[in-house]
>>> print(open('work30.pdb').read())   # PDB, C-alpha atoms
ATOM      1  CA  MET A   1      11.513   3.923   9.680
ATOM      2  CA  LEU A   2      10.349   6.333   6.952
ATOM      3  CA  LYS A   3      10.875  10.080   7.050
ATOM      4  CA  ILE A   4       9.716  12.317   4.237
ATOM      5  CA  LYS A   5      10.992  15.874   4.550
ATOM      6  CA  ASN A   6       9.581  18.724   2.471
ATOM      7  CA  ILE A   7       9.319  16.859  -0.816
ATOM      8  CA  ASN A   8       8.138  18.566  -3.966
ATOM      9  CA  THR A   9       6.976  16.457  -6.896
ATOM     10  CA  TYR A  10       5.918  17.658 -10.331
ATOM     11  CA  TYR A  11       4.103  16.261 -13.342
ATOM     12  CA  GLY A  12       5.667  18.403 -16.034
ATOM     13  CA  GLN A  13       4.869  21.945 -14.910
ATOM     14  CA  VAL A  14       2.142  20.838 -12.477
ATOM     15  CA  HIS A  15       3.288  21.143  -8.862
ATOM     16  CA  ALA A  16       1.658  17.999  -7.412
ATOM     17  CA  LEU A  17       3.245  17.818  -3.935
ATOM     18  CA  LYS A  18       4.208  20.967  -2.073
ATOM     19  CA  ASN A  19       6.652  20.587   0.817
ATOM     20  CA  VAL A  20       5.034  17.379   2.052
ATOM     21  CA  SER A  21       6.451  15.883   5.244
ATOM     22  CA  ILE A  22       5.262  12.643   6.838
ATOM     23  CA  HIS A  23       6.826   9.890   8.917
ATOM     24  CA  LEU A  24       6.136   6.274   9.830
ATOM     25  CA  ALA A  25       7.517   4.341  12.767
ATOM     26  CA  ARG A  26       8.287   0.661  12.432
ATOM     27  CA  GLY A  27       5.145  -1.456  12.731
ATOM     28  CA  GLU A  28       2.705   1.427  12.251
ATOM     29  CA  ILE A  29      -0.284   1.591   9.945
ATOM     30  CA  VAL A  30      -0.631   5.142   8.657
ATOM     31  CA  THR A  31      -3.284   6.318   6.216
ATOM     32  CA  LEU A  32      -3.435   9.219   3.778
ATOM     33  CA  ILE A  33      -6.894  10.642   3.170
ATOM     34  CA  GLY A  34      -8.132  13.417   0.939
ATOM     35  CA  ALA A  35     -10.236  14.156  -2.102
ATOM     36  CA  ASN A  36      -9.393  12.893  -5.583
ATOM     37  CA  GLY A  37      -6.429  14.821  -6.895
ATOM     38  CA  ALA A  38      -5.157  15.751  -3.426
ATOM     39  CA  GLY A  39      -1.800  14.048  -4.025
ATOM     40  CA  LYS A  40      -2.210  10.765  -2.131
ATOM     41  CA  THR A  41      -1.099   8.488  -4.968
ATOM     42  CA  THR A  42       1.721  10.882  -5.800
ATOM     43  CA  VAL A  43       3.089  10.469  -2.268
ATOM     44  CA  LEU A  44       3.250   6.698  -2.773
ATOM     45  CA  ASN A  45       4.755   7.056  -6.245
ATOM     46  CA  SER A  46       7.341   9.493  -4.910
ATOM     47  CA  ILE A  47       8.396   7.046  -2.197
ATOM     48  CA  SER A  48       8.707   4.191  -4.694
ATOM     49  CA  ALA A  49      10.502   6.447  -7.231
ATOM     50  CA  VAL A  50       7.874   5.894  -9.909
ATOM     51  CA  THR A  51       7.432   9.670  -9.897
ATOM     52  CA  PRO A  52      10.767  11.080  -8.693
ATOM     53  CA  VAL A  53      10.827  14.043  -6.329
ATOM     54  CA  ARG A  54      12.359  17.281  -7.534
ATOM     55  CA  ASN A  55      13.643  18.271  -4.115
ATOM     56  CA  GLY A  56      13.309  17.323  -0.469
ATOM     57  CA  GLU A  57      14.361  14.103   1.258
ATOM     58  CA  ILE A  58      12.998  10.582   1.648
ATOM     59  CA  LEU A  59      14.866   8.579   4.268
ATOM     60  CA  PHE A  60      14.248   4.882   4.846
ATOM     61  CA  ASN A  61      15.936   3.488   7.931
ATOM     62  CA  THR A  62      18.105   6.653   7.808
ATOM     63  CA  SER A  63      19.305   5.885   4.254
ATOM     64  CA  PRO A  64      18.422   8.324   1.438
ATOM     65  CA  ALA A  65      15.876   6.887  -0.996
ATOM     66  CA  HIS A  66      14.822   9.981  -2.947
ATOM     67  CA  SER A  67      17.536   9.648  -5.597
ATOM     68  CA  LEU A  68      17.245   5.909  -6.194
ATOM     69  CA  SER A  69      15.694   3.985  -9.080
ATOM     70  CA  PRO A  70      12.480   2.011  -8.426
ATOM     71  CA  ASP A  71      14.267  -1.351  -8.334
ATOM     72  CA  ARG A  72      16.720  -0.095  -5.733
ATOM     73  CA  VAL A  73      13.839   1.228  -3.630
ATOM     74  CA  VAL A  74      12.314  -2.258  -3.730
ATOM     75  CA  GLY A  75      15.706  -3.645  -2.784
ATOM     76  CA  MET A  76      15.703  -1.446   0.321
ATOM     77  CA  GLY A  77      12.501  -3.135   1.491
ATOM     78  CA  ILE A  78       9.659  -1.008   0.071
ATOM     79  CA  SER A  79       6.932  -2.565  -2.082
ATOM     80  CA  GLN A  80       3.913  -0.854  -3.623
ATOM     81  CA  VAL A  81       0.509  -2.292  -4.491
ATOM     82  CA  PRO A  82      -0.634   0.104  -7.233
ATOM     83  CA  GLU A  83      -4.101   1.475  -7.808
ATOM     84  CA  GLY A  84      -5.958  -0.724 -10.280
ATOM     85  CA  ARG A  85      -3.947  -3.854  -9.311
ATOM     86  CA  GLN A  86      -1.906  -3.893 -12.566
ATOM     87  CA  VAL A  87      -1.383  -7.647 -12.577
ATOM     88  CA  PHE A  88       0.180  -9.255 -15.638
ATOM     89  CA  LYS A  89      -2.993 -10.646 -17.163
ATOM     90  CA  PRO A  90      -1.479 -13.022 -19.766
ATOM     91  CA  LEU A  91       0.599 -14.748 -17.051
ATOM     92  CA  THR A  92      -0.529 -17.285 -14.476
ATOM     93  CA  VAL A  93      -1.139 -16.418 -10.845
ATOM     94  CA  GLU A  94       2.061 -18.169  -9.822
ATOM     95  CA  ASP A  95       4.116 -16.444 -12.526
ATOM     96  CA  ASN A  96       2.827 -13.079 -11.264
ATOM     97  CA  LEU A  97       3.831 -13.964  -7.728
ATOM     98  CA  GLU A  98       7.286 -15.112  -8.759
ATOM     99  CA  LEU A  99       7.825 -11.807 -10.588
ATOM    100  CA  GLY A 100       7.370 -10.130  -7.213
ATOM    101  CA  ALA A 101      10.471 -12.014  -6.070
ATOM    102  CA  TYR A 102      12.485 -11.013  -9.144
ATOM    103  CA  LEU A 103      15.186  -9.141  -7.228
ATOM    104  CA  ARG A 104      15.519 -12.014  -4.774
ATOM    105  CA  ILE A 105      15.926 -14.450  -7.651
ATOM    106  CA  ARG A 106      18.579 -12.182  -9.179
ATOM    107  CA  LYS A 107      20.408 -12.355  -5.852
ATOM    108  CA  ARG A 108      20.358 -16.133  -6.319
ATOM    109  CA  GLU A 109      18.160 -16.936  -3.372
ATOM    110  CA  GLY A 110      17.412 -20.645  -3.475
ATOM    111  CA  ARG A 111      14.298 -22.059  -5.095
ATOM    112  CA  GLY A 112      13.282 -23.529  -1.750
ATOM    113  CA  VAL A 113      13.300 -20.094  -0.103
ATOM    114  CA  ILE A 114      11.170 -18.596  -2.882
ATOM    115  CA  ARG A 115       8.803 -21.566  -2.644
ATOM    116  CA  GLN A 116       8.413 -20.936   1.073
ATOM    117  CA  SER A 117       7.425 -17.327   0.344
ATOM    118  CA  LEU A 118       4.880 -18.568  -2.189
ATOM    119  CA  GLU A 119       3.349 -20.859   0.385
ATOM    120  CA  GLU A 120       3.132 -17.970   2.865
ATOM    121  CA  VAL A 121       1.175 -15.952   0.298
ATOM    122  CA  TYR A 122      -1.065 -18.946  -0.395
ATOM    123  CA  THR A 123      -1.726 -19.235   3.345
ATOM    124  CA  LEU A 124      -2.835 -15.596   3.425
ATOM    125  CA  PHE A 125      -4.938 -15.970   0.270
ATOM    126  CA  PRO A 126      -6.023 -19.616  -0.202
ATOM    127  CA  ARG A 127      -7.944 -18.735  -3.361
ATOM    128  CA  LEU A 128      -4.678 -17.846  -5.072
ATOM    129  CA  LYS A 129      -3.377 -21.347  -4.428
ATOM    130  CA  GLU A 130      -6.552 -22.808  -5.907
ATOM    131  CA  ARG A 131      -6.009 -20.665  -9.014
ATOM    132  CA  ARG A 132      -2.221 -20.745  -9.179
ATOM    133  CA  LYS A 133      -2.170 -22.095 -12.763
ATOM    134  CA  GLN A 134      -4.996 -19.817 -13.921
ATOM    135  CA  LEU A 135      -4.286 -16.736 -16.049
ATOM    136  CA  ALA A 136      -4.397 -13.598 -13.942
ATOM    137  CA  GLY A 137      -6.693 -11.863 -16.417
ATOM    138  CA  THR A 138      -9.424 -14.420 -15.740
ATOM    139  CA  LEU A 139      -9.558 -13.707 -11.996
ATOM    140  CA  SER A 140     -12.278 -11.644 -10.352
ATOM    141  CA  GLY A 141     -11.459  -8.114  -9.212
ATOM    142  CA  GLY A 142     -11.070  -9.241  -5.616
ATOM    143  CA  GLU A 143      -8.780 -12.095  -6.589
ATOM    144  CA  GLN A 144      -6.667  -9.736  -8.685
ATOM    145  CA  GLN A 145      -6.322  -7.447  -5.679
ATOM    146  CA  MET A 146      -5.210 -10.398  -3.558
ATOM    147  CA  LEU A 147      -2.704 -11.251  -6.285
ATOM    148  CA  ALA A 148      -1.361  -7.694  -6.397
ATOM    149  CA  ILE A 149      -0.841  -7.735  -2.624
ATOM    150  CA  GLY A 150       0.711 -11.189  -2.743
ATOM    151  CA  ARG A 151       3.073 -10.129  -5.528
ATOM    152  CA  ALA A 152       4.264  -7.188  -3.409
ATOM    153  CA  LEU A 153       4.755  -9.463  -0.400
ATOM    154  CA  MET A 154       6.983 -11.780  -2.430
ATOM    155  CA  ALA A 155       9.669  -9.087  -2.222
ATOM    156  CA  GLN A 156       9.544  -9.462   1.586
ATOM    157  CA  PRO A 157       8.995  -5.749   2.200
ATOM    158  CA  LEU A 158       9.528  -3.967   5.474
ATOM    159  CA  LEU A 159       7.188  -1.220   4.262
ATOM    160  CA  LEU A 160       4.074  -1.927   2.201
ATOM    161  CA  LEU A 161       2.454   0.896   0.207
ATOM    162  CA  LEU A 162      -1.180   0.287  -0.750
ATOM    163  CA  ASP A 163      -3.160   2.450  -3.151
ATOM    164  CA  GLU A 164      -6.965   2.078  -2.950
ATOM    165  CA  PRO A 165      -7.065  -1.657  -2.130
ATOM    166  CA  SER A 166     -10.871  -1.701  -1.713
ATOM    167  CA  MET A 167     -11.737   0.075  -4.973
ATOM    168  CA  GLY A 168     -14.546  -1.665  -6.834
ATOM    169  CA  LEU A 169     -14.671  -4.694  -4.546
ATOM    170  CA  ALA A 170     -17.558  -6.347  -2.737
ATOM    171  CA  PRO A 171     -17.776  -5.592   1.018
ATOM    172  CA  LEU A 172     -16.973  -9.161   2.088
ATOM    173  CA  VAL A 173     -13.847  -9.182  -0.083
ATOM    174  CA  VAL A 174     -12.809  -5.833   1.387
ATOM    175  CA  GLN A 175     -13.262  -7.262   4.876
ATOM    176  CA  GLU A 176     -11.020 -10.213   3.989
ATOM    177  CA  ILE A 177      -8.289  -7.973   2.582
ATOM    178  CA  PHE A 178      -8.369  -5.599   5.534
ATOM    179  CA  THR A 179      -8.098  -8.562   7.918
ATOM    180  CA  VAL A 180      -4.993  -9.748   6.066
ATOM    181  CA  LEU A 181      -3.444  -6.280   6.296
ATOM    182  CA  LYS A 182      -4.038  -6.115  10.043
ATOM    183  CA  ASN A 183      -2.536  -9.582  10.458
ATOM    184  CA  LEU A 184       0.541  -8.605   8.452
ATOM    185  CA  ARG A 185       1.210  -5.884  10.980
ATOM    186  CA  SER A 186       0.398  -7.932  14.088
ATOM    187  CA  GLU A 187       2.115 -11.160  13.027
ATOM    188  CA  LYS A 188       4.990 -10.012  10.795
ATOM    189  CA  GLY A 189       5.498  -6.439  11.962
ATOM    190  CA  THR A 190       4.981  -5.079   8.440
ATOM    191  CA  THR A 191       4.714  -1.294   8.330
ATOM    192  CA  ILE A 192       1.868  -0.077   6.110
ATOM    193  CA  LEU A 193       1.164   3.233   4.382
ATOM    194  CA  LEU A 194      -2.406   3.125   3.110
ATOM    195  CA  VAL A 195      -4.307   5.242   0.620
ATOM    196  CA  GLU A 196      -7.961   4.255   0.805
ATOM    197  CA  GLN A 197     -11.162   5.699  -0.675
ATOM    198  CA  ASN A 198     -13.134   4.607   2.395
ATOM    199  CA  ALA A 199     -11.636   7.059   4.861
ATOM    200  CA  LYS A 200     -13.622   5.720   7.798
ATOM    201  CA  ALA A 201     -12.421   2.162   7.255
ATOM    202  CA  ALA A 202      -8.831   3.342   6.842
ATOM    203  CA  LEU A 203      -8.893   5.432  10.010
ATOM    204  CA  LYS A 204     -10.444   2.593  12.001
ATOM    205  CA  MET A 205      -7.537   0.346  11.026
ATOM    206  CA  ALA A 206      -4.720   2.906  11.191
ATOM    207  CA  ASP A 207      -2.695   4.245  14.090
ATOM    208  CA  ARG A 208      -2.278   7.712  12.591
ATOM    209  CA  GLY A 209      -3.382   9.648   9.559
ATOM    210  CA  TYR A 210      -2.568  12.611   7.344
ATOM    211  CA  VAL A 211      -5.093  14.706   5.440
ATOM    212  CA  LEU A 212      -3.937  16.040   2.073
ATOM    213  CA  GLU A 213      -5.492  18.866   0.109
ATOM    214  CA  THR A 214      -4.164  20.167  -3.225
ATOM    215  CA  GLY A 215      -0.743  18.637  -2.662
ATOM    216  CA  LYS A 216      -0.276  19.778   0.932
ATOM    217  CA  VAL A 217      -0.632  18.132   4.328
ATOM    218  CA  ILE A 218      -3.289  20.198   6.075
ATOM    219  CA  LEU A 219      -3.912  18.002   9.102
ATOM    220  CA  GLU A 220      -2.301  15.082  10.906
ATOM    221  CA  GLY A 221      -2.928  13.174  14.104
ATOM    222  CA  LEU A 222      -3.972   9.946  15.733
ATOM    223  CA  ALA A 223      -6.512   8.078  13.645
ATOM    224  CA  SER A 224      -8.979   8.122  16.536
ATOM    225  CA  GLU A 225      -8.688  11.913  16.748
ATOM    226  CA  LEU A 226      -9.200  12.375  13.016
ATOM    227  CA  LEU A 227     -12.318  10.198  13.183
ATOM    228  CA  GLU A 228     -13.791  12.623  15.715
ATOM    229  CA  ASN A 229     -12.637  15.778  13.929
ATOM    230  CA  LYS A 230     -15.702  17.662  12.688
ATOM    231  CA  GLU A 231     -14.016  18.977   9.549
ATOM    232  CA  VAL A 232     -12.741  15.520   8.632
ATOM    233  CA  GLN A 233     -16.209  14.079   9.248
ATOM    234  CA  ARG A 234     -17.824  16.718   7.077
ATOM    235  CA  ALA A 235     -15.360  16.516   4.201
ATOM    236  CA  TYR A 236     -14.375  12.846   4.056
ATOM    237  CA  LEU A 237     -16.468  10.594   6.275
ATOM    238  CA  GLY A 238     -20.013  11.486   5.280
ATOM    239  CA  LYS A 239     -22.968  10.458   7.350
ATOM    240  CA  GLU A 240     -22.523   8.048  10.222
ATOM    241  CA  LYS A 241     -23.177   4.477   9.153
ATOM    242  CA  LYS A 242     -22.254   0.971  10.156
ATOM    243  CA  GLU A 243     -19.449  -0.547   8.110
ATOM    244  CA  ILE A 244     -19.310  -4.248   7.382
ATOM    245  CA  TRP A 245     -16.050  -4.691   9.290
ATOM    246  CA  GLU A 246     -17.722  -3.249  12.422
ATOM    247  CA  ARG A 247     -20.191  -6.133  12.588
TER     248      ARG A 247
END
>>> encode(input="work30.pdb", output="structure tokens")
Amino acid sequence: MLKIKNINTYYGQVHALKNVSIHLARGEIVTLIGANGAGKTTVLNSISAVTPVRNGEILFNTSPAHSLSPDRVVGMGISQVPEGRQVFKPLTVEDNLELGAYLRIRKREGRGVIRQSLEEVYTLFPRLKERRKQLAGTLSGGEQQMLAIGRALMAQPLLLLLDEPSMGLAPLVVQEIFTVLKNLRSEKGTTILLVEQNAKAALKMADRGYVLETGKVILEGLASELLENKEVQRAYLGKEKKEIWER
């Protein structure tokens, strides 16, 4: 579904990604792990054209995406849930969700179809339905993360990019969000590329993973293999401990 071939991305004169190549098959969950500053977010931003690549290729369902604008990338079927949620705080929950369907509305999809998508999001996250008329800025951090995911889903993506979805959230909320992500894959076939600070949790959910260091892919493999890799354990997993989603 997604093939990234030798992309190089810069922030001014800073060479952030150096010949990065990754791929995702349809229906996979793939995670990117690495230290802060390794380039994980830049990979997501390069795919979504928020930070355009300088050279290399990004192919989505064999079509070039590396030279497109962000709205056209969304139109291809790629949605990103950014780090820090970035909901529109002065707007209601429902207004935020409807903004996620902006391109669909521009294509004149019927109100009934958009309403059906809203109800699907509310089924995934019942608390959003309870708070649909509430201003987004008054939600808890966990509810804002649910809203950010729901907003991305309103575009009906084939590929969902998630940047640190568990950051700053209580363990039970993280468990709920991770359960939703797994169900999106199993029930809807959504392909997921995940950047996650809790590397162990990400690898337990993912099929495969890539390890980034200073803008380069230094290791890749099945998630189960990376979990057992001694260098990955030492650098990213820390001491063995029970996670809440293992209970």
>>> resolve_selection(input="work30.pdb", expression="the PyMOL selection byres ((chain A and resi 152-160) around 7)", output="mmCIF file with C-alpha atoms, in the frame of the given file")
data_model
loop_
_atom_site.group_PDB
_atom_site.id
_atom_site.type_symbol
_atom_site.label_atom_id
_atom_site.label_comp_id
_atom_site.auth_asym_id
_atom_site.auth_seq_id
_atom_site.Cartn_x
_atom_site.Cartn_y
_atom_site.Cartn_z
ATOM 1 C CA GLY A 77 12.501 -3.135 1.491
ATOM 2 C CA ILE A 78 9.659 -1.008 0.071
ATOM 3 C CA SER A 79 6.932 -2.565 -2.082
ATOM 4 C CA GLN A 80 3.913 -0.854 -3.623
ATOM 5 C CA VAL A 81 0.509 -2.292 -4.491
ATOM 6 C CA LEU A 97 3.831 -13.964 -7.728
ATOM 7 C CA GLY A 100 7.370 -10.130 -7.213
ATOM 8 C CA ALA A 101 10.471 -12.014 -6.070
ATOM 9 C CA SER A 117 7.425 -17.327 0.344
ATOM 10 C CA ALA A 148 -1.361 -7.694 -6.397
ATOM 11 C CA ILE A 149 -0.841 -7.735 -2.624
ATOM 12 C CA GLY A 150 0.711 -11.189 -2.743
ATOM 13 C CA ARG A 151 3.073 -10.129 -5.528
ATOM 14 C CA LEU A 161 2.454 0.896 0.207
ATOM 15 C CA LEU A 162 -1.180 0.287 -0.750
ATOM 16 C CA THR A 190 4.981 -5.079 8.440
ATOM 17 C CA THR A 191 4.714 -1.294 8.330
ATOM 18 C CA ILE A 192 1.868 -0.077 6.110
ATOM 19 C CA LEU A 193 1.164 3.233 4.382
#
>>> residues_around(input="work30.pdb", residues="Val211 (chain A)", least_positions_apart="3", cutoff="7 Å", atoms="only C-alpha atoms", output="list of chain:residue names")
A:Leu32, A:Ile33, A:Gly34, A:Val217, A:Ile218, A:Leu219, A:Glu220
>>> resolve_selection(input="work30.pdb", expression="the PyMOL selection byres ((chain A and resi 229-234) around 12)", output="NGL selection string")
:A and (33-35 or 199-200 or 203 or 209-213 or 218-228 or 235-241)
>>> axis_aligned_box(input="work30.pdb", around="region 48-61 of chain A", padding_each_side="5 Å", output="JSON")
{"center_x": 11.7, "center_y": 10.9, "center_z": -1.0, "size_x": 18.5, "size_y": 24.8, "size_z": 27.8}
>>> closest_atom_pairs(input="work30.pdb", of="region 27-130 of chain A", to="region 8-15 of chain A", cutoff="9 Å", atoms="only C-alpha atoms", output="tab-separated table")
residue	atom	partner	partner_atom	distance
A:Thr42	CA	A:Thr9	CA	7.7
A:Val43	CA	A:Thr9	CA	8.5
A:Ser46	CA	A:Thr9	CA	7.3
A:Thr51	CA	A:Thr9	CA	7.4
A:Pro52	CA	A:Thr9	CA	6.8
A:Val53	CA	A:Thr9	CA	4.6
A:Arg54	CA	A:Thr9	CA	5.5
A:Asn55	CA	A:Asn8	CA	5.5
A:Gly56	CA	A:Asn8	CA	6.4
>>> residues_around(input="work30.pdb", residues="Glu94 (chain A)", least_positions_apart="5", cutoff="12 Å", atoms="all atoms listed in the file", output="short mmCIF file (atom, residue, chain, number, x, y, z; two decimals) with C-alpha atoms, in the frame of the given file")
data_model
loop_
_atom_site.label_atom_id
_atom_site.label_comp_id
_atom_site.auth_asym_id
_atom_site.auth_seq_id
_atom_site.Cartn_x
_atom_site.Cartn_y
_atom_site.Cartn_z
CA VAL A 87 -1.38 -7.65 -12.58
CA PHE A 88 0.18 -9.26 -15.64
CA LYS A 89 -2.99 -10.65 -17.16
CA LEU A 99 7.82 -11.81 -10.59
CA GLY A 100 7.37 -10.13 -7.21
CA ALA A 101 10.47 -12.01 -6.07
CA ILE A 114 11.17 -18.60 -2.88
CA ARG A 115 8.80 -21.57 -2.64
CA SER A 117 7.42 -17.33 0.34
CA LEU A 118 4.88 -18.57 -2.19
CA GLU A 119 3.35 -20.86 0.38
CA VAL A 121 1.18 -15.95 0.30
CA TYR A 122 -1.06 -18.95 -0.40
CA ARG A 127 -7.94 -18.74 -3.36
CA LEU A 128 -4.68 -17.85 -5.07
CA LYS A 129 -3.38 -21.35 -4.43
CA GLU A 130 -6.55 -22.81 -5.91
CA ARG A 131 -6.01 -20.66 -9.01
CA ARG A 132 -2.22 -20.74 -9.18
CA LYS A 133 -2.17 -22.10 -12.76
CA GLN A 134 -5.00 -19.82 -13.92
CA LEU A 135 -4.29 -16.74 -16.05
CA ALA A 136 -4.40 -13.60 -13.94
CA LEU A 147 -2.70 -11.25 -6.28
CA ALA A 148 -1.36 -7.69 -6.40
CA GLY A 150 0.71 -11.19 -2.74
CA ARG A 151 3.07 -10.13 -5.53
CA MET A 154 6.98 -11.78 -2.43
#
>>> resolve_selection(input="work30.pdb", expression="the PyMOL selection byres ((chain A and resi 206) around 7)", output="mmCIF file with C-alpha atoms, in the coordinates of the input")
data_model
loop_
_atom_site.group_PDB
_atom_site.id
_atom_site.type_symbol
_atom_site.label_atom_id
_atom_site.label_comp_id
_atom_site.auth_asym_id
_atom_site.auth_seq_id
_atom_site.Cartn_x
_atom_site.Cartn_y
_atom_site.Cartn_z
ATOM 1 C CA ILE A 29 -0.284 1.591 9.945
ATOM 2 C CA VAL A 30 -0.631 5.142 8.657
ATOM 3 C CA THR A 31 -3.284 6.318 6.216
ATOM 4 C CA ALA A 202 -8.831 3.342 6.842
ATOM 5 C CA LEU A 203 -8.893 5.432 10.010
ATOM 6 C CA LYS A 204 -10.444 2.593 12.001
ATOM 7 C CA MET A 205 -7.537 0.346 11.026
ATOM 8 C CA ASP A 207 -2.695 4.245 14.090
ATOM 9 C CA ARG A 208 -2.278 7.712 12.591
ATOM 10 C CA ALA A 223 -6.512 8.078 13.645
#
>>> atom_distance(input="work30.pdb", atom1="CA of Pro126 (chain A)", atom2="CA of Ser186 (chain A)")
19.5 Å
>>> atom_distance(input="work30.pdb", atom1="CA of Glu28 (chain A)", atom2="CA of Glu98 (chain A)")
27.1 Å
>>> residues_around(input="work30.pdb", residues="Met1 (chain A)", least_positions_apart="6", cutoff="6 Å", atoms="only C-alpha atoms", output="list in words")
Leu24, Ala25, Arg26, Phe60 and Asn61 of chain A
>>> residues_around(input="work30.pdb", residues="Glu83 (chain A)", least_positions_apart="3", cutoff="9 Å", atoms="all atoms listed in the file", output="list in words")
Thr41, Gln86, Leu162, Asp163, Glu164, Pro165 and Met167 of chain A
>>> closest_residue(input="work30.pdb", among="A:Leu184, A:Ile4, A:Leu91, A:Met146", to="Ala65 (chain A)", atoms="all atoms listed in the file")
A:Ile4
>>> residues_near_point(input="work30.pdb", point="(15.4, -5.8, -3.7)", cutoff="7 Å", atoms="all atoms listed in the file", output="count of residues only")
9
>>> atom_distance(input="work30.pdb", atom1="CA of Val73 (chain A)", atom2="CA of Ala38 (chain A)")
23.9 Å
>>> closest_residue(input="work30.pdb", among="A:Val180, A:Leu2, A:Val174, A:Val93", to="Thr62 (chain A)", atoms="all atoms listed in the file")
A:Leu2
>>> closest_residue(input="work30.pdb", among="A:Asn45, A:Asn96, A:Arg85, A:Leu124", to="Asn183 (chain A)", atoms="all atoms listed in the file")
A:Leu124
>>> decode(input="work30.pdb", residues="region 72-77 of chain A", atoms="all heavy atoms", output="CSV table (one decimal), in the first residue's frame")
chain,number,residue,atom,x,y,z
A,72,ARG,N,-4.4,17.1,-0.9
A,72,ARG,CA,-4.4,16.0,-1.9
A,72,ARG,C,-4.0,14.7,-1.4
A,72,ARG,O,-4.5,13.6,-1.8
A,72,ARG,CB,-3.6,16.4,-3.2
A,72,ARG,CG,-4.2,17.6,-3.9
A,72,ARG,CD,-3.5,17.9,-5.2
A,72,ARG,NE,-3.6,16.7,-6.2
A,72,ARG,CZ,-2.9,16.6,-7.3
A,72,ARG,NH1,-2.0,17.6,-7.6
A,72,ARG,NH2,-3.1,15.6,-8.1
A,73,VAL,N,-3.0,14.8,-0.4
A,73,VAL,CA,-2.6,13.5,0.3
A,73,VAL,C,-3.8,13.0,1.1
A,73,VAL,O,-4.1,11.8,1.0
A,73,VAL,CB,-1.4,13.8,1.2
A,73,VAL,CG1,-1.2,12.6,2.1
A,73,VAL,CG2,-0.2,14.1,0.4
A,74,VAL,N,-4.5,13.8,1.8
A,74,VAL,CA,-5.7,13.4,2.5
A,74,VAL,C,-6.8,12.8,1.5
A,74,VAL,O,-7.4,11.8,1.7
A,74,VAL,CB,-6.4,14.6,3.3
A,74,VAL,CG1,-7.7,14.1,3.9
A,74,VAL,CG2,-5.4,15.0,4.4
A,75,GLY,N,-6.9,13.5,0.3
A,75,GLY,CA,-7.8,13.0,-0.7
A,75,GLY,C,-7.5,11.6,-1.2
A,75,GLY,O,-8.3,10.9,-1.7
A,76,MET,N,-6.2,11.2,-1.2
A,76,MET,CA,-5.8,9.9,-1.6
A,76,MET,C,-6.2,8.8,-0.6
A,76,MET,O,-6.2,7.7,-0.9
A,76,MET,CB,-4.2,9.8,-1.7
A,76,MET,CG,-3.7,10.7,-2.9
A,76,MET,SD,-1.9,10.5,-2.9
A,76,MET,CE,-1.7,8.9,-3.8
A,77,GLY,N,-6.4,9.3,0.7
A,77,GLY,CA,-6.8,8.3,1.7
A,77,GLY,C,-5.9,8.2,2.8
A,77,GLY,O,-5.8,7.1,3.5
